[in-house]
Amino acid sequence: MQYVTPDLCDAYPELVQVAEPMFANFGGRDSFGGQIVTVKCFEDNSLVKSQADEPGHGKVLVVDGGGSLRRALLGDMIAEKAAKNGWEGMLIYGCVRDVDVLAQTDLGVQALASHPMKTDKRGIGDLNVVVSFAGLTFKPGDYLYADNNGVIIAPQPLQMPE
C-alpha cells in the first residue's frame, strides 16, 4: 500500500506524531507502514537478524541502534530475508550498508546513514521494549507510516483519505 504522510497528518492531526527529520530512504519501497515491533541494540544486529527470520506481514521493525554511525545494523542479506518474510519496512536509528541492493529490495528502509562495516553478533539487545529517538516514543503495537516526506506514528491504524 502507498502511504502519503502529509495526507495522513491532515486527516488525523489529533492522532499522529511526527519524527524529527533525520532519516533517509534506502529501501526499494518509497513508503511503508504497519504495526511496530521494536529492537533496542547497539552495534549488534543479532535481534534484527532474528526478527527478519520471523513472519512480518503488516509489521514495521523499529530499531533503536543508539544513533551509532560506526556500524551498519542492516545489510542486503537480512533485508532480503525480511522482504521474503513479508515485513513492510524498517526504521533504523543507526546505519545500513549494501545500499545499492537495499534500493532494489521490496522493503521500506529508512536510516540515518550508510556505513560499510558490519556489526559484531554477540546476541545483545532487547525485543519489544519502548524506545525513544527522533523526538518520539515508539511503543510495540502502535503504528508507523513513512515516506519521502517523513516518519509518523499513531496509536491505531490509519486509513489513507479518499
# chains A, B, ... in the order shown; residues from 1 in each chain; ligands from 1
>>> select_by_dssp(residues="segment 8-79 of chain A", states="strand (DSSP E)", output="list of chain:residue names")
A:Gln17, A:Val18, A:Ala24, A:Asn25, A:Phe32, A:Gly33, A:Gly34, A:Gln35, A:Ile36, A:Val37, A:Thr38, A:Val39, A:Lys40, A:Lys59, A:Val60, A:Leu61, A:Val62, A:Val63, A:Asp64, A:Ala72, A:Leu73, A:Leu74
>>> residues_around(residues="segment 29-43 of chain A", least_positions_apart="4", cutoff="7 Å", atoms="only C-alpha atoms", output="VMD selection string")
chain A and resid 2 to 3 47 to 48 58 to 66 71 73 88 to 89 106 to 108 119 to 120 124 to 129 139 to 148
>>> select_by_dssp(residues="segment 3-125 of chain A", states="alpha helix (DSSP H)", output="CSV table (one decimal) with N, CA and C atoms, in the first residue's frame")
chain,number,residue,atom,x,y,z
A,5,THR,N,2.4,10.6,4.0
A,5,THR,CA,2.4,11.1,5.3
A,5,THR,C,1.8,12.5,5.5
A,6,PRO,N,1.9,13.4,4.5
A,6,PRO,CA,1.2,14.7,4.7
A,6,PRO,C,-0.3,14.5,4.7
A,7,ASP,N,-0.8,13.6,3.8
A,7,ASP,CA,-2.3,13.4,3.8
A,7,ASP,C,-2.7,12.7,5.1
A,8,LEU,N,-1.9,11.8,5.7
A,8,LEU,CA,-2.3,11.2,7.0
A,8,LEU,C,-2.2,12.3,8.1
A,9,CYS,N,-1.3,13.2,8.0
A,9,CYS,CA,-1.2,14.3,9.0
A,9,CYS,C,-2.4,15.2,8.9
A,10,ASP,N,-2.8,15.5,7.7
A,10,ASP,CA,-4.0,16.3,7.5
A,10,ASP,C,-5.3,15.6,8.0
A,11,ALA,N,-5.4,14.3,7.7
A,11,ALA,CA,-6.6,13.6,8.1
A,11,ALA,C,-6.7,13.3,9.6
A,46,SER,N,22.1,-8.8,16.1
A,46,SER,CA,21.6,-10.2,16.3
A,46,SER,C,20.1,-10.3,16.3
A,47,LEU,N,19.5,-9.3,17.0
A,47,LEU,CA,18.0,-9.3,17.1
A,47,LEU,C,17.3,-8.9,15.8
A,48,VAL,N,18.0,-8.0,15.1
A,48,VAL,CA,17.5,-7.5,13.8
A,48,VAL,C,17.4,-8.7,12.8
A,49,LYS,N,18.5,-9.5,12.8
A,49,LYS,CA,18.6,-10.7,12.0
A,49,LYS,C,17.5,-11.7,12.4
A,50,SER,N,17.3,-12.0,13.7
A,50,SER,CA,16.4,-13.0,14.1
A,50,SER,C,14.9,-12.5,13.9
A,51,GLN,N,14.7,-11.2,14.0
A,51,GLN,CA,13.3,-10.8,13.6
A,51,GLN,C,13.0,-10.9,12.2
A,52,ALA,N,14.0,-10.6,11.3
A,52,ALA,CA,13.9,-10.7,9.9
A,52,ALA,C,13.5,-12.1,9.5
A,76,ASP,N,22.3,-6.3,3.0
A,76,ASP,CA,21.4,-6.9,1.9
A,76,ASP,C,20.8,-8.2,2.3
A,77,MET,N,21.6,-9.1,3.0
A,77,MET,CA,21.1,-10.4,3.3
A,77,MET,C,19.9,-10.4,4.3
A,78,ILE,N,20.0,-9.6,5.3
A,78,ILE,CA,19.0,-9.5,6.3
A,78,ILE,C,17.8,-8.8,5.7
A,79,ALA,N,18.0,-7.8,4.9
A,79,ALA,CA,16.9,-7.1,4.2
A,79,ALA,C,16.1,-8.0,3.3
A,80,GLU,N,16.9,-8.8,2.5
A,80,GLU,CA,16.2,-9.7,1.6
A,80,GLU,C,15.4,-10.8,2.3
A,81,LYS,N,15.9,-11.3,3.5
A,81,LYS,CA,15.2,-12.2,4.3
A,81,LYS,C,13.9,-11.5,4.9
A,82,ALA,N,14.0,-10.3,5.3
A,82,ALA,CA,12.8,-9.6,5.8
A,82,ALA,C,11.8,-9.4,4.7
A,83,ALA,N,12.2,-9.0,3.5
A,83,ALA,CA,11.3,-8.9,2.4
A,83,ALA,C,10.6,-10.2,2.1
A,84,LYS,N,11.3,-11.3,2.1
A,84,LYS,CA,10.8,-12.6,1.8
A,84,LYS,C,9.8,-13.0,2.8
A,99,VAL,N,23.8,-0.5,0.2
A,99,VAL,CA,22.7,0.4,-0.2
A,99,VAL,C,22.2,0.2,-1.6
A,100,ASP,N,23.0,-0.2,-2.5
A,100,ASP,CA,22.5,-0.4,-3.9
A,100,ASP,C,21.6,-1.6,-4.0
A,101,VAL,N,21.9,-2.6,-3.2
A,101,VAL,CA,21.0,-3.8,-3.2
A,101,VAL,C,19.7,-3.4,-2.4
A,102,LEU,N,19.8,-2.7,-1.3
A,102,LEU,CA,18.7,-2.3,-0.5
A,102,LEU,C,17.7,-1.5,-1.4
>>> atom_distance(atom1="atom CA of Pro161 of chain A", atom2="atom CA of His57 of chain A")
22.3 Å
>>> residues_around(residues="Ser68 of chain A", least_positions_apart="6", cutoff="12 Å", atoms="only C-alpha atoms", output="list in words")
Cys41, Phe42, Glu43, Asp44, Ile92, Tyr93, Gly94, Cys95, Val96, Ala111, Leu112, Ala113, Ser114, His115, Met117 and Thr119 of chain A
